[in-house]
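To keep things clear, I will list the structure first and then write my remarks on it.
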Amino acid sequence: MKNPLKIIGSVAIGVIGVIVVLLLVLRVTGLEPKDCQPTDKSLSCKVPGLWLKGKPVAEPVTDWSFTNQVKVIKIQTQTPFLLPHSVPIWCAVYNGNLYVTSYRGRLWVEDIIRDPHVRLKIGDQVFDRTLTVIDDPAQKEAVLQAKGKKYPEWKVPSVASATVFRVNPT
């Protein structure tokens, strides 16, 4: 009769091996989220992705106004479980800077509060950047109004309830 600990150990090693292979396959394929509007409530659009793939852009961006022509971008954050979490989001430009906004409690927002390093996918380009939380109420209001102009279907939240992040140029 085999030792139960050896059996459990063999099963655990097999499960870990399957997980490692699965993660390697997903790393190669990316498994990006669907190209959905953030307001789309369909089940397939609620599923987040993992790694964002694209052409890396390392140069500083001093004017993000080109994103005014882009309806949806994607953001990849790092979860506490060492796996990326990516979702489609809306963005806004104010004074040439790029901003993303949301509410506290969303997984990707909490990930950024914990670790501000993100990857943004805009078109087929990816930007590895750091985000800064904006606390100034006047600046938050200006960013929220800019986002409201870009997305008239979006209900502009109160300054107190919104979390606003500025994308750093590098």
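How things are named: the first chain in the structure tokens is A, the next is B, and so on; residues count from 1 in each chain; ligands count from 1 in the order shown.
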message = With only C-alpha atoms as the counted atoms, please give the residues lying no more than 9 Å from stretch 148-153 of chain A, apart from itself and same-chain residues fewer than 6 positions off, as a ChimeraX atom specification.
response = /A:68,71,90-92
query = So which residues of stretch 27-129 of chain A fall under alpha helix (DSSP H) by DSSP, listed as an MDAnalysis selection string?
reply = chainID A and resid 27:29 43:46 107:114
ask   = Can you list, as a ChimeraX atom specification, every protein, DNA or RNA residue that comes within 6 Å of stretch 44-52 of chain A when you count only C-alpha atoms, leaving out same-chain residues fewer than 5 positions away?
value = /A:30-33,36,84-87
Selected residues, all heavy atoms, written as a compact mmCIF listing (two decimals), in the first residue's frame, please.
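Resulting contents of selection23.txt:
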```
# COMPACT_ATOMS: atom_id res chain seq x y z
N GLY A 30 -1.67 36.16 -24.12
CA GLY A 30 -2.09 37.44 -23.57
C GLY A 30 -3.41 37.36 -22.84
O GLY A 30 -3.52 37.78 -21.72
N LEU A 31 -4.40 36.82 -23.48
CA LEU A 31 -5.75 36.75 -22.94
C LEU A 31 -6.25 38.13 -22.53
O LEU A 31 -6.55 38.42 -21.39
CB LEU A 31 -5.84 35.77 -21.75
CG LEU A 31 -7.25 35.33 -21.38
CD1 LEU A 31 -7.87 34.53 -22.51
CD2 LEU A 31 -7.26 34.54 -20.12
N GLU A 32 -6.30 39.02 -23.52
CA GLU A 32 -6.77 40.39 -23.27
C GLU A 32 -8.28 40.41 -23.06
O GLU A 32 -8.99 39.54 -23.55
CB GLU A 32 -6.42 41.28 -24.46
CG GLU A 32 -4.97 41.59 -24.57
CD GLU A 32 -4.66 42.65 -25.60
OE1 GLU A 32 -5.59 43.38 -26.02
OE2 GLU A 32 -3.49 42.76 -25.97
N PRO A 33 -8.77 41.46 -22.38
CA PRO A 33 -10.22 41.59 -22.25
C PRO A 33 -10.82 41.95 -23.61
O PRO A 33 -10.12 42.46 -24.49
CB PRO A 33 -10.38 42.74 -21.26
CG PRO A 33 -9.13 43.53 -21.40
CD PRO A 33 -8.05 42.53 -21.73
N CYS A 36 -14.86 45.99 -25.34
CA CYS A 36 -16.21 46.41 -24.97
C CYS A 36 -16.18 47.80 -24.37
O CYS A 36 -15.18 48.22 -23.80
CB CYS A 36 -16.79 45.46 -23.92
SG CYS A 36 -16.94 43.75 -24.44
N PRO A 84 -1.63 39.60 -13.64
CA PRO A 84 -2.17 40.87 -14.12
C PRO A 84 -3.69 40.81 -14.22
O PRO A 84 -4.29 39.74 -14.31
CB PRO A 84 -1.54 41.03 -15.50
CG PRO A 84 -1.21 39.65 -15.93
CD PRO A 84 -0.93 38.86 -14.69
N HIS A 85 -4.30 41.99 -14.18
CA HIS A 85 -5.74 42.15 -14.31
C HIS A 85 -5.94 43.29 -15.31
O HIS A 85 -5.46 44.40 -15.08
CB HIS A 85 -6.32 42.52 -12.94
CG HIS A 85 -7.78 42.84 -12.95
ND1 HIS A 85 -8.73 41.86 -12.79
CD2 HIS A 85 -8.45 44.00 -13.10
CE1 HIS A 85 -9.93 42.42 -12.83
NE2 HIS A 85 -9.79 43.72 -13.02
N SER A 86 -6.60 43.01 -16.43
CA SER A 86 -6.78 44.06 -17.43
C SER A 86 -8.25 44.21 -17.81
O SER A 86 -8.97 43.22 -17.89
CB SER A 86 -5.92 43.78 -18.67
OG SER A 86 -6.23 42.54 -19.24
N VAL A 87 -8.64 45.47 -18.00
CA VAL A 87 -10.02 45.80 -18.33
C VAL A 87 -10.05 46.97 -19.31
O VAL A 87 -9.12 47.78 -19.35
CB VAL A 87 -10.83 46.18 -17.07
CG1 VAL A 87 -11.01 44.99 -16.14
CG2 VAL A 87 -10.20 47.34 -16.33
```
message = DSSP on the backbone, strand (DSSP E or B) only: what residues of chain A does that give? Format it as a PyMOL selection string.
response = chain A and resi 49+55-56+73-78+84-89+92-94+97-102+117-122+125-134+163-167
message = Please determine, counting only C-alpha atoms, which residue among A:Leu98, A:Ile112, A:Val15, A:Val143 has the shortest atom-to-atom distance to A:Trp64.
response =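 Closest residue, counting only C-alpha atoms: A:Leu98.
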Neighbour list for stretch 99-108 of chain A as a VMD selection string, cut-off 6 Å, only C-alpha atoms, skip fewer than 3 positions in-chain = chain A and resid 91 to 92 111 162 to 167
query = Using only C-alpha atoms, which residues sit within 7 Å of A:Ile75 once same-chain residues fewer than 6 positions away are excluded, as a PyMOL selection string?
reply = chain A and resi 86-89+118-121
Quick one: write out the picked residues with N, CA, C and O atoms as a PDB file, in the first residue's frame?
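What landed in again29.pdb:
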```pdb
ATOM      1  N   SER A  86      -6.598  43.013 -16.428  1.00  0.00           N
ATOM      2  CA  SER A  86      -6.778  44.064 -17.434  1.00  0.00           C
ATOM      3  C   SER A  86      -8.246  44.209 -17.809  1.00  0.00           C
ATOM      4  O   SER A  86      -8.971  43.220 -17.895  1.00  0.00           O
ATOM      5  N   VAL A  87      -8.637  45.470 -18.000  1.00  0.00           N
ATOM      6  CA  VAL A  87     -10.018  45.800 -18.334  1.00  0.00           C
ATOM      7  C   VAL A  87     -10.048  46.971 -19.311  1.00  0.00           C
ATOM      8  O   VAL A  87      -9.122  47.778 -19.350  1.00  0.00           O
ATOM      9  N   PRO A  88     -11.124  47.080 -20.101  1.00  0.00           N
ATOM     10  CA  PRO A  88     -11.297  48.270 -20.945  1.00  0.00           C
ATOM     11  C   PRO A  88     -11.817  49.418 -20.078  1.00  0.00           C
ATOM     12  O   PRO A  88     -12.631  49.214 -19.169  1.00  0.00           O
ATOM     13  N   ILE A  89     -11.308  50.627 -20.340  1.00  0.00           N
ATOM     14  CA  ILE A  89     -11.729  51.806 -19.580  1.00  0.00           C
ATOM     15  C   ILE A  89     -11.832  53.010 -20.508  1.00  0.00           C
ATOM     16  O   ILE A  89     -11.365  52.980 -21.631  1.00  0.00           O
ATOM     17  N   VAL A 118       1.307  50.481 -14.064  1.00  0.00           N
ATOM     18  CA  VAL A 118       0.285  49.906 -14.936  1.00  0.00           C
ATOM     19  C   VAL A 118       0.825  49.786 -16.354  1.00  0.00           C
ATOM     20  O   VAL A 118       1.875  50.334 -16.684  1.00  0.00           O
ATOM     21  N   ARG A 119       0.080  49.080 -17.166  1.00  0.00           N
ATOM     22  CA  ARG A 119       0.313  49.041 -18.610  1.00  0.00           C
ATOM     23  C   ARG A 119      -0.981  49.509 -19.255  1.00  0.00           C
ATOM     24  O   ARG A 119      -2.061  49.017 -18.939  1.00  0.00           O
ATOM     25  N   LEU A 120      -0.848  50.486 -20.152  1.00  0.00           N
ATOM     26  CA  LEU A 120      -1.996  50.982 -20.911  1.00  0.00           C
ATOM     27  C   LEU A 120      -1.861  50.523 -22.345  1.00  0.00           C
ATOM     28  O   LEU A 120      -0.765  50.571 -22.909  1.00  0.00           O
ATOM     29  N   LYS A 121      -2.966  50.096 -22.925  1.00  0.00           N
ATOM     30  CA  LYS A 121      -2.979  49.750 -24.341  1.00  0.00           C
ATOM     31  C   LYS A 121      -3.880  50.748 -25.045  1.00  0.00           C
ATOM     32  O   LYS A 121      -5.071  50.859 -24.737  1.00  0.00           O
TER      33      LYS A 121
END
```
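You will find atom CA of A:Val57 at 14.9 Å from atom CA of A:Ile73.
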